[in-house]
Structure formats: structure tokens, C-alpha cells
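S.K.: Next comes final-v6.pdb, PDB, C-alpha atoms, pLDDT in the B column:
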```pdb
ATOM      1  CA  MET A1062       0.000   0.000   0.000  1.00 43.00           C
ATOM      2  CA  SER A1063       1.493   3.279  -1.020  1.00 44.00           C
ATOM      3  CA  GLY A1064       2.632   5.278   1.944  1.00 45.00           C
ATOM      4  CA  GLN A1065       1.155   3.031   4.634  1.00 44.00           C
ATOM      5  CA  PRO A1066       3.697   2.601   7.429  1.00 43.00           C
ATOM      6  CA  GLN A1067       4.247  -0.811   8.944  1.00 42.00           C
ATOM      7  CA  SER A1068       3.844   0.459  12.492  1.00 42.00           C
ATOM      8  CA  GLY A1069       3.386   3.678  14.421  1.00 44.00           C
ATOM      9  CA  PRO A1070       1.809   6.945  13.327  1.00 43.00           C
ATOM     10  CA  LEU A1071       4.955   8.545  11.910  1.00 43.00           C
ATOM     11  CA  VAL A1072       5.712   8.715   8.199  1.00 44.00           C
ATOM     12  CA  SER A1073       8.881   9.799   6.407  1.00 45.00           C
ATOM     13  CA  ARG A1074       9.577  13.069   4.667  1.00 49.00           C
ATOM     14  CA  ALA A1075       9.978  11.462   1.243  1.00 52.00           C
ATOM     15  CA  ARG A1076       9.014  13.462  -1.829  1.00 58.00           C
ATOM     16  CA  VAL A1077       5.305  13.331  -2.620  1.00 56.00           C
ATOM     17  CA  THR A1078       6.025  12.970  -6.351  1.00 67.00           C
ATOM     18  CA  ASN A1079       7.505   9.485  -6.170  1.00 71.00           C
ATOM     19  CA  ILE A1080       6.751   6.293  -8.083  1.00 80.00           C
ATOM     20  CA  ALA A1081       4.712   4.764  -5.265  1.00 74.00           C
ATOM     21  CA  ASN A1082       2.343   7.734  -5.136  1.00 78.00           C
ATOM     22  CA  MET A1083       2.128   7.824  -8.949  1.00 83.00           C
ATOM     23  CA  LEU A1084       0.938   4.215  -8.895  1.00 84.00           C
ATOM     24  CA  THR A1085      -1.692   5.192  -6.348  1.00 84.00           C
ATOM     25  CA  LEU A1086      -2.894   7.972  -8.653  1.00 88.00           C
ATOM     26  CA  LEU A1087      -2.871   5.536 -11.601  1.00 89.00           C
ATOM     27  CA  ARG A1088      -5.228   3.300  -9.640  1.00 91.00           C
ATOM     28  CA  LEU A1089      -7.643   6.219  -9.298  1.00 91.00           C
ATOM     29  CA  VAL A1090      -7.419   6.921 -13.048  1.00 92.00           C
ATOM     30  CA  LEU A1091      -8.219   3.285 -13.849  1.00 94.00           C
ATOM     31  CA  VAL A1092     -11.495   3.415 -11.905  1.00 95.00           C
ATOM     32  CA  PRO A1093     -13.592   5.248 -14.546  1.00 96.00           C
ATOM     33  CA  ILE A1094     -11.979   3.170 -17.301  1.00 97.00           C
ATOM     34  CA  PHE A1095     -12.960   0.018 -15.439  1.00 97.00           C
ATOM     35  CA  LEU A1096     -16.559   1.224 -15.050  1.00 97.00           C
ATOM     36  CA  LEU A1097     -16.888   2.130 -18.719  1.00 97.00           C
ATOM     37  CA  THR A1098     -15.678  -1.329 -19.670  1.00 97.00           C
ATOM     38  CA  LEU A1099     -17.879  -3.069 -17.100  1.00 97.00           C
ATOM     39  CA  PHE A1100     -21.022  -1.358 -18.417  1.00 96.00           C
ATOM     40  CA  ALA A1101     -20.123  -1.763 -22.104  1.00 94.00           C
ATOM     41  CA  GLY A1102     -23.068  -3.045 -24.092  1.00 90.00           C
ATOM     42  CA  ASP A1103     -25.642  -4.444 -21.681  1.00 91.00           C
ATOM     43  CA  GLY A1104     -23.033  -5.017 -18.987  1.00 93.00           C
ATOM     44  CA  HIS A1105     -23.104  -8.782 -19.415  1.00 93.00           C
ATOM     45  CA  GLN A1106     -21.112  -9.330 -22.585  1.00 93.00           C
ATOM     46  CA  THR A1107     -18.296 -11.805 -22.066  1.00 94.00           C
ATOM     47  CA  PRO A1108     -15.523  -9.842 -23.865  1.00 95.00           C
ATOM     48  CA  SER A1109     -16.244  -6.616 -21.982  1.00 96.00           C
ATOM     49  CA  ARG A1110     -16.467  -8.423 -18.639  1.00 96.00           C
ATOM     50  CA  ILE A1111     -13.116 -10.091 -19.246  1.00 96.00           C
ATOM     51  CA  ALA A1112     -11.607  -6.730 -20.228  1.00 97.00           C
ATOM     52  CA  ALA A1113     -13.072  -5.155 -17.086  1.00 97.00           C
ATOM     53  CA  PHE A1114     -11.530  -7.940 -15.017  1.00 97.00           C
ATOM     54  CA  VAL A1115      -8.106  -7.300 -16.566  1.00 97.00           C
ATOM     55  CA  ILE A1116      -8.336  -3.570 -15.782  1.00 97.00           C
ATOM     56  CA  PHE A1117      -9.482  -4.315 -12.247  1.00 97.00           C
ATOM     57  CA  ALA A1118      -6.633  -6.795 -11.788  1.00 96.00           C
ATOM     58  CA  VAL A1119      -4.062  -4.264 -13.033  1.00 94.00           C
ATOM     59  CA  ALA A1120      -5.407  -1.689 -10.570  1.00 92.00           C
ATOM     60  CA  VAL A1121      -5.162  -4.201  -7.717  1.00 91.00           C
ATOM     61  CA  ILE A1122      -1.609  -5.114  -8.739  1.00 90.00           C
ATOM     62  CA  THR A1123      -0.560  -1.458  -8.583  1.00 86.00           C
ATOM     63  CA  ASP A1124      -1.667  -1.574  -4.953  1.00 78.00           C
ATOM     64  CA  ARG A1125       0.770  -4.416  -4.298  1.00 77.00           C
ATOM     65  CA  PHE A1126       3.642  -2.619  -6.059  1.00 75.00           C
ATOM     66  CA  ASP A1127       3.152   0.838  -4.568  1.00 70.00           C
ATOM     67  CA  GLY A1128       3.203  -0.615  -1.065  1.00 64.00           C
ATOM     68  CA  ALA A1129       6.400  -2.549  -1.667  1.00 61.00           C
ATOM     69  CA  LEU A1130       8.100   0.478  -3.217  1.00 67.00           C
ATOM     70  CA  ALA A1131       6.997   2.787  -0.421  1.00 59.00           C
ATOM     71  CA  ARG A1132       8.256   0.511   2.339  1.00 64.00           C
ATOM     72  CA  ASN A1133      11.430  -0.793   0.745  1.00 61.00           C
ATOM     73  CA  TYR A1134      12.720   2.408  -0.868  1.00 58.00           C
ATOM     74  CA  GLY A1135      11.781   5.041   1.691  1.00 61.00           C
ATOM     75  CA  MET A1136       8.879   6.494  -0.314  1.00 59.00           C
ATOM     76  CA  VAL A1137       6.417   6.537   2.574  1.00 61.00           C
ATOM     77  CA  THR A1138       4.634   9.901   2.735  1.00 65.00           C
ATOM     78  CA  GLU A1139       1.646  11.260   4.628  1.00 66.00           C
ATOM     79  CA  PHE A1140      -0.031  11.893   1.263  1.00 67.00           C
ATOM     80  CA  GLY A1141       0.466   8.259   0.298  1.00 65.00           C
ATOM     81  CA  ALA A1142      -0.733   7.004   3.662  1.00 70.00           C
ATOM     82  CA  LEU A1143      -4.027   8.853   3.109  1.00 72.00           C
ATOM     83  CA  ALA A1144      -4.367   8.579  -0.687  1.00 75.00           C
ATOM     84  CA  ASP A1145      -3.672   4.846  -0.846  1.00 78.00           C
ATOM     85  CA  PRO A1146      -6.656   3.673   1.233  1.00 76.00           C
ATOM     86  CA  ILE A1147      -8.847   6.237  -0.549  1.00 82.00           C
ATOM     87  CA  ALA A1148      -7.757   4.822  -3.916  1.00 85.00           C
ATOM     88  CA  ASP A1149      -8.445   1.298  -2.652  1.00 84.00           C
ATOM     89  CA  LYS A1150     -11.898   2.217  -1.421  1.00 85.00           C
ATOM     90  CA  THR A1151     -12.733   4.101  -4.625  1.00 91.00           C
ATOM     91  CA  LEU A1152     -11.814   1.091  -6.743  1.00 92.00           C
ATOM     92  CA  ILE A1153     -13.608  -1.398  -4.497  1.00 92.00           C
ATOM     93  CA  GLY A1154     -16.638   0.862  -4.072  1.00 93.00           C
ATOM     94  CA  ALA A1155     -16.987   1.522  -7.803  1.00 95.00           C
ATOM     95  CA  ALA A1156     -16.783  -2.194  -8.552  1.00 97.00           C
ATOM     96  CA  LEU A1157     -19.326  -3.125  -5.881  1.00 97.00           C
ATOM     97  CA  ILE A1158     -21.828  -0.463  -6.960  1.00 97.00           C
ATOM     98  CA  GLY A1159     -21.350  -1.399 -10.602  1.00 97.00           C
ATOM     99  CA  LEU A1160     -21.950  -5.088  -9.936  1.00 97.00           C
ATOM    100  CA  SER A1161     -25.047  -4.331  -7.852  1.00 97.00           C
ATOM    101  CA  MET A1162     -26.440  -2.027 -10.547  1.00 97.00           C
ATOM    102  CA  LEU A1163     -26.010  -4.878 -13.024  1.00 96.00           C
ATOM    103  CA  GLY A1164     -27.835  -7.245 -10.674  1.00 95.00           C
ATOM    104  CA  ASP A1165     -24.792  -9.475 -10.140  1.00 95.00           C
ATOM    105  CA  LEU A1166     -24.293  -8.689  -6.454  1.00 96.00           C
ATOM    106  CA  PRO A1167     -26.935  -8.119  -3.730  1.00 96.00           C
ATOM    107  CA  TRP A1168     -27.155  -4.475  -2.679  1.00 97.00           C
ATOM    108  CA  TRP A1169     -26.926  -5.335   1.023  1.00 97.00           C
ATOM    109  CA  ILE A1170     -23.370  -6.603   0.490  1.00 96.00           C
ATOM    110  CA  THR A1171     -22.389  -3.409  -1.304  1.00 97.00           C
ATOM    111  CA  VAL A1172     -23.975  -1.211   1.377  1.00 97.00           C
ATOM    112  CA  LEU A1173     -22.372  -3.170   4.239  1.00 96.00           C
ATOM    113  CA  ILE A1174     -18.884  -2.981   2.776  1.00 94.00           C
ATOM    114  CA  LEU A1175     -19.183   0.668   1.743  1.00 94.00           C
ATOM    115  CA  VAL A1176     -20.471   1.763   5.160  1.00 93.00           C
ATOM    116  CA  ARG A1177     -17.451   0.106   6.763  1.00 91.00           C
ATOM    117  CA  GLU A1178     -14.969   1.551   4.261  1.00 86.00           C
ATOM    118  CA  VAL A1179     -16.356   5.089   4.376  1.00 87.00           C
ATOM    119  CA  GLY A1180     -16.589   4.937   8.154  1.00 86.00           C
ATOM    120  CA  ILE A1181     -12.942   3.945   8.562  1.00 81.00           C
ATOM    121  CA  THR A1182     -11.858   6.634   6.081  1.00 75.00           C
ATOM    122  CA  VAL A1183     -13.742   9.270   8.089  1.00 80.00           C
ATOM    123  CA  LEU A1184     -12.126   7.890  11.236  1.00 78.00           C
ATOM    124  CA  ARG A1185      -8.675   8.239   9.665  1.00 70.00           C
ATOM    125  CA  PHE A1186      -9.309  11.918   8.947  1.00 71.00           C
ATOM    126  CA  ALA A1187     -10.842  12.490  12.382  1.00 72.00           C
ATOM    127  CA  VAL A1188      -7.719  11.290  14.190  1.00 66.00           C
ATOM    128  CA  LEU A1189      -5.262  12.732  11.659  1.00 61.00           C
ATOM    129  CA  ARG A1190      -3.944  15.237  14.217  1.00 62.00           C
ATOM    130  CA  ARG A1191      -2.888  12.334  16.414  1.00 60.00           C
ATOM    131  CA  GLY A1192      -1.170  10.569  13.516  1.00 56.00           C
ATOM    132  CA  VAL A1193      -2.083   8.426  10.522  1.00 55.00           C
ATOM    133  CA  ILE A1194      -3.715   5.100  11.385  1.00 58.00           C
ATOM    134  CA  PRO A1195      -1.535   2.433   9.758  1.00 58.00           C
ATOM    135  CA  ALA A1196      -3.111  -0.468   7.905  1.00 60.00           C
ATOM    136  CA  SER A1197      -3.227  -3.581  10.063  1.00 64.00           C
ATOM    137  CA  ARG A1198      -2.410  -7.027   8.709  1.00 74.00           C
ATOM    138  CA  GLY A1199      -6.081  -7.888   9.014  1.00 78.00           C
ATOM    139  CA  GLY A1200      -7.000  -4.796   7.029  1.00 79.00           C
ATOM    140  CA  LYS A1201      -4.587  -5.733   4.270  1.00 80.00           C
ATOM    141  CA  LEU A1202      -5.929  -9.291   4.184  1.00 89.00           C
ATOM    142  CA  LYS A1203      -9.462  -7.907   4.030  1.00 89.00           C
ATOM    143  CA  THR A1204      -8.556  -5.724   1.050  1.00 85.00           C
ATOM    144  CA  LEU A1205      -6.947  -8.671  -0.753  1.00 89.00           C
ATOM    145  CA  VAL A1206      -9.903 -11.016  -0.166  1.00 94.00           C
ATOM    146  CA  GLN A1207     -12.352  -8.286  -1.223  1.00 93.00           C
ATOM    147  CA  ALA A1208     -10.393  -7.774  -4.436  1.00 93.00           C
ATOM    148  CA  VAL A1209     -10.340 -11.506  -5.212  1.00 95.00           C
ATOM    149  CA  ALA A1210     -14.066 -11.843  -4.519  1.00 96.00           C
ATOM    150  CA  ILE A1211     -14.973  -8.820  -6.638  1.00 97.00           C
ATOM    151  CA  GLY A1212     -12.695  -9.979  -9.437  1.00 96.00           C
ATOM    152  CA  LEU A1213     -14.489 -13.334  -9.512  1.00 96.00           C
ATOM    153  CA  PHE A1214     -17.871 -11.590  -9.685  1.00 97.00           C
ATOM    154  CA  VAL A1215     -16.650  -9.375 -12.534  1.00 96.00           C
ATOM    155  CA  LEU A1216     -15.752 -12.450 -14.557  1.00 95.00           C
ATOM    156  CA  PRO A1217     -18.647 -14.105 -16.429  1.00 92.00           C
ATOM    157  CA  LEU A1218     -18.664 -17.225 -14.238  1.00 88.00           C
ATOM    158  CA  ASN A1219     -21.383 -19.835 -13.897  1.00 87.00           C
ATOM    159  CA  GLY A1220     -22.089 -22.983 -11.915  1.00 86.00           C
ATOM    160  CA  SER A1221     -19.535 -24.075  -9.339  1.00 89.00           C
ATOM    161  CA  TRP A1222     -17.283 -21.117 -10.147  1.00 90.00           C
ATOM    162  CA  HIS A1223     -20.071 -18.738  -9.154  1.00 90.00           C
ATOM    163  CA  LEU A1224     -20.493 -20.644  -5.890  1.00 94.00           C
ATOM    164  CA  THR A1225     -16.750 -20.233  -5.308  1.00 94.00           C
ATOM    165  CA  ALA A1226     -17.059 -16.489  -5.875  1.00 95.00           C
ATOM    166  CA  SER A1227     -19.920 -16.343  -3.361  1.00 95.00           C
ATOM    167  CA  ALA A1228     -17.869 -18.251  -0.772  1.00 96.00           C
ATOM    168  CA  VAL A1229     -14.898 -15.902  -1.171  1.00 97.00           C
ATOM    169  CA  MET A1230     -17.249 -12.915  -0.870  1.00 97.00           C
ATOM    170  CA  ALA A1231     -18.648 -14.373   2.364  1.00 97.00           C
ATOM    171  CA  VAL A1232     -15.117 -14.489   3.797  1.00 97.00           C
ATOM    172  CA  ALA A1233     -14.557 -10.905   2.643  1.00 96.00           C
ATOM    173  CA  ILE A1234     -17.724  -9.784   4.464  1.00 96.00           C
ATOM    174  CA  VAL A1235     -16.594 -11.423   7.706  1.00 96.00           C
ATOM    175  CA  LEU A1236     -13.143  -9.815   7.465  1.00 94.00           C
ATOM    176  CA  THR A1237     -14.732  -6.455   6.610  1.00 93.00           C
ATOM    177  CA  VAL A1238     -16.805  -6.466   9.791  1.00 93.00           C
ATOM    178  CA  ILE A1239     -14.086  -7.813  12.090  1.00 93.00           C
ATOM    179  CA  THR A1240     -11.379  -5.411  10.913  1.00 90.00           C
ATOM    180  CA  GLY A1241     -13.798  -2.491  11.019  1.00 88.00           C
ATOM    181  CA  VAL A1242     -14.593  -3.167  14.664  1.00 89.00           C
ATOM    182  CA  ASP A1243     -10.872  -3.583  15.384  1.00 85.00           C
ATOM    183  CA  TYR A1244      -9.993  -0.208  13.815  1.00 81.00           C
ATOM    184  CA  VAL A1245     -12.687   1.576  15.826  1.00 82.00           C
ATOM    185  CA  ALA A1246     -11.630  -0.148  19.063  1.00 81.00           C
ATOM    186  CA  SER A1247      -7.964   0.723  18.472  1.00 76.00           C
ATOM    187  CA  ALA A1248      -8.771   4.371  17.722  1.00 72.00           C
ATOM    188  CA  ALA A1249     -10.995   4.645  20.805  1.00 75.00           C
ATOM    189  CA  LYS A1250      -8.294   3.106  22.981  1.00 74.00           C
ATOM    190  CA  ASP A1251      -5.740   5.573  21.610  1.00 67.00           C
ATOM    191  CA  VAL A1252      -8.037   8.543  22.268  1.00 64.00           C
ATOM    192  CA  ARG A1253      -8.592   7.436  25.864  1.00 68.00           C
ATOM    193  CA  ARG A1254      -4.884   6.934  26.417  1.00 67.00           C
ATOM    194  CA  ARG A1255      -3.712  10.305  25.012  1.00 61.00           C
ATOM    195  CA  PRO A1256      -5.218  12.669  27.656  1.00 54.00           C
ATOM    196  CA  THR A1257      -3.682  10.675  30.523  1.00 46.00           C
ATOM    197  CA  ALA A1258      -0.291  10.735  28.803  1.00 43.00           C
ATOM    198  CA  SER A1259      -0.397  14.535  28.553  1.00 42.00           C
TER     199      SER A1259
END
```
Show me the file's structure as C-alpha cells.
M.R.:
Amino acid sequence: MSGQPQSGPLVSRARVTNIANMLTLLRLVLVPIFLLTLFAGDGHQTPSRIAAFVIFAVAVITDRFDGALARNYGMVTEFGALADPIADKTLIGAALIGLSMLGDLPWWITVLILVREVGITVLRFAVLRRGVIPASRGGKLKTLVQAVAIGLFVLPLNGSWHLTASAVMAVAIVLTVITGVDYVASAAKDVRRRPTAS
């Protein structure tokens, strides 16, 4: 994840215009391209769905690369720490809404995941003065499983493959709820601890 520190609220003073952050911005640019491809024709044409999957996969891969670059080459920035999860949530949110609009994914799943993602993003901004909330391992696993599940739903799958996609999505939902509660609990604990420390 671009700019997400491994631990602690501090981030480095690396230049904002680095490769890791550019990959994060590329992920944002790919979102509208993905949506246009997903809705091409009637939204259920096999070639366009495969193309949409490829674009979605490329966007997800940039997430893997920008994180590795940021951590391994000292490119961690406060901008990246904030922009990266926003880019992730924009991509995931656009895909979920698109799939629900096409009738391929129940709306309650989309609403549940988006409420969690938006809520945690708001929480990040709310506690920004106290430091950036780093992504936990559970949060990163949640993002990965969400991406895999959504990718499977984007593909024109039938039969047992569709059941597999549903099972992966079920795991993603569980991780979404658990990690959301964990983030809120951690932030609340930090807020309670700060006044006593001062």
C-alpha cells in the first residue's frame, strides 16, 4: 500500500512525487476506465467483462507494487498514507456499486462494505492530528480477499465457479466487519490513552 507505514503513526519526509504515489494515482485513473468497460453493451457481454476484469486486476496489482516500493525504498509519505486507502476504497466501491447495478451482487453486500470503508476513512481523517492510522495485517488481508471476490464476480462465471465467488465474498464480508470493529476499538483506545499521557 502506497505510503502506509508498517507500524506507528509517523511517516517519512519522502518526496510526494515518487513512483509509489504515482501508482496510487494511476489506480484512481483506472477506476472510470474500469466502469466504462464493465457497463459496455448491456453489462453482461463476455468480452467486456473479461476486459473489465483485466483492468481491475491491473489496478489491484498497482496496490501491491506501490506498497512494496513505499516501504522498501523510503517512499512513505503522509499523502500516500491517506491517498492509498482512498484509492483502494474508490476502486472497491466503484466495482461493488457497478456489480449491484447490473444485478450481479446483492445491494446489502455493497452497502455493508461501503459503510465500513467510508466509516474507517472518516475515522482516519478524524484522528489525523494524532497521527495516521496504519493499515493492520487484518485490514490488508481484508482488502486482498475483497479484491479476489470482486474480481471473480466481474468475470462471467457460472455454476460451481459462481459458488466459489460467493464463498470468497462471504469471507470478505466477515473480514470487513471484524477489521472495522478492530480499527474503531484501536482508535478509541488511543483517544482514551492520550489525555492521561499529557
S.K.: Of the candidates A:Gly1241, A:Gly1154, A:Pro1146, A:Gly1212, which shows the shortest atom-to-atom distance to Arg1110 of chain A, using all atoms listed in the file?
M.R.: A:Gly1212
S.K.: Starting from the PyMOL selection byres ((chain A and resi 1197-1206) around 6), expand the selection into actual residues of this file and give them as a list in words.
M.R.: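 Taken over the shown coordinates, the PyMOL selection byres ((chain A and resi 1197-1206) around 6) returns Ala1196, Gln1207, Ala1208, Val1209, Ala1233, Leu1236 and Thr1240 of chain A.
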S.K.: May I have the selected residues written with C-alpha atoms, as an mmCIF file, keeping the file's coordinate frame?
M.R.:
```cif
data_model
loop_
_atom_site.group_PDB
_atom_site.id
_atom_site.type_symbol
_atom_site.label_atom_id
_atom_site.label_comp_id
_atom_site.auth_asym_id
_atom_site.auth_seq_id
_atom_site.Cartn_x
_atom_site.Cartn_y
_atom_site.Cartn_z
ATOM 1 C CA ALA A 1196 -3.111 -0.468 7.905
ATOM 2 C CA GLN A 1207 -12.352 -8.286 -1.223
ATOM 3 C CA ALA A 1208 -10.393 -7.774 -4.436
ATOM 4 C CA VAL A 1209 -10.340 -11.506 -5.212
ATOM 5 C CA ALA A 1233 -14.557 -10.905 2.643
ATOM 6 C CA LEU A 1236 -13.143 -9.815 7.465
ATOM 7 C CA THR A 1240 -11.379 -5.411 10.913
#
```
S.K.: For Ile1111 of chain A, list every protein, DNA or RNA residue within 9 Å, evaluated using only C-alpha atoms, and leave out those in the same chain fewer than 2 positions away; present the list as a PDB file with C-alpha atoms, in the frame of the given file.
M.R.:
```pdb
ATOM      1  CA  LEU A1099     -17.879  -3.069 -17.100  1.00 97.00           C
ATOM      2  CA  GLN A1106     -21.112  -9.330 -22.585  1.00 93.00           C
ATOM      3  CA  THR A1107     -18.296 -11.805 -22.066  1.00 94.00           C
ATOM      4  CA  PRO A1108     -15.523  -9.842 -23.865  1.00 95.00           C
ATOM      5  CA  SER A1109     -16.244  -6.616 -21.982  1.00 96.00           C
ATOM      6  CA  ALA A1113     -13.072  -5.155 -17.086  1.00 97.00           C
ATOM      7  CA  PHE A1114     -11.530  -7.940 -15.017  1.00 97.00           C
ATOM      8  CA  VAL A1115      -8.106  -7.300 -16.566  1.00 97.00           C
ATOM      9  CA  ILE A1116      -8.336  -3.570 -15.782  1.00 97.00           C
ATOM     10  CA  VAL A1215     -16.650  -9.375 -12.534  1.00 96.00           C
ATOM     11  CA  LEU A1216     -15.752 -12.450 -14.557  1.00 95.00           C
ATOM     12  CA  PRO A1217     -18.647 -14.105 -16.429  1.00 92.00           C
TER      13      PRO A1217
END
```
S.K.: Taking (-16.6, -2.2, -8.9) in the file's own coordinates, collect the residues within 9 Å, counting all atoms listed in the file, and hand them back as a list in words.
M.R.: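 Returned residue set, sorted by chain then number, is Val1092, Phe1095, Leu1096, Leu1099, Phe1117, Thr1151, Leu1152, Ile1153, Gly1154, Ala1155, Ala1156, Leu1157, Ile1158, Gly1159, Leu1160, Ser1161, Ile1211, Gly1212 and Val1215 of chain A.
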S.K.: Save the residues we just selected, C-alpha atoms, as a PDB file, in the coordinates of the input?
M.R.:
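Output contents, as saved in part_12.pdb:
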```
ATOM      1  CA  VAL A1092     -11.495   3.415 -11.905  1.00 95.00           C
ATOM      2  CA  PHE A1095     -12.960   0.018 -15.439  1.00 97.00           C
ATOM      3  CA  LEU A1096     -16.559   1.224 -15.050  1.00 97.00           C
ATOM      4  CA  LEU A1099     -17.879  -3.069 -17.100  1.00 97.00           C
ATOM      5  CA  PHE A1117      -9.482  -4.315 -12.247  1.00 97.00           C
ATOM      6  CA  THR A1151     -12.733   4.101  -4.625  1.00 91.00           C
ATOM      7  CA  LEU A1152     -11.814   1.091  -6.743  1.00 92.00           C
ATOM      8  CA  ILE A1153     -13.608  -1.398  -4.497  1.00 92.00           C
ATOM      9  CA  GLY A1154     -16.638   0.862  -4.072  1.00 93.00           C
ATOM     10  CA  ALA A1155     -16.987   1.522  -7.803  1.00 95.00           C
ATOM     11  CA  ALA A1156     -16.783  -2.194  -8.552  1.00 97.00           C
ATOM     12  CA  LEU A1157     -19.326  -3.125  -5.881  1.00 97.00           C
ATOM     13  CA  ILE A1158     -21.828  -0.463  -6.960  1.00 97.00           C
ATOM     14  CA  GLY A1159     -21.350  -1.399 -10.602  1.00 97.00           C
ATOM     15  CA  LEU A1160     -21.950  -5.088  -9.936  1.00 97.00           C
ATOM     16  CA  SER A1161     -25.047  -4.331  -7.852  1.00 97.00           C
ATOM     17  CA  ILE A1211     -14.973  -8.820  -6.638  1.00 97.00           C
ATOM     18  CA  GLY A1212     -12.695  -9.979  -9.437  1.00 96.00           C
ATOM     19  CA  VAL A1215     -16.650  -9.375 -12.534  1.00 96.00           C
TER      20      VAL A1215
END
```
S.K.: What would the list of residues within 12 Å of (-2.8, 5.4, -11.0) (file frame) look like as a PyMOL selection string, if all atoms listed in the file are what count?
M.R.: chain A and resi 1063+1080-1094+1116-1117+1119-1124+1126-1127+1144-1145+1148-1149+1151-1152
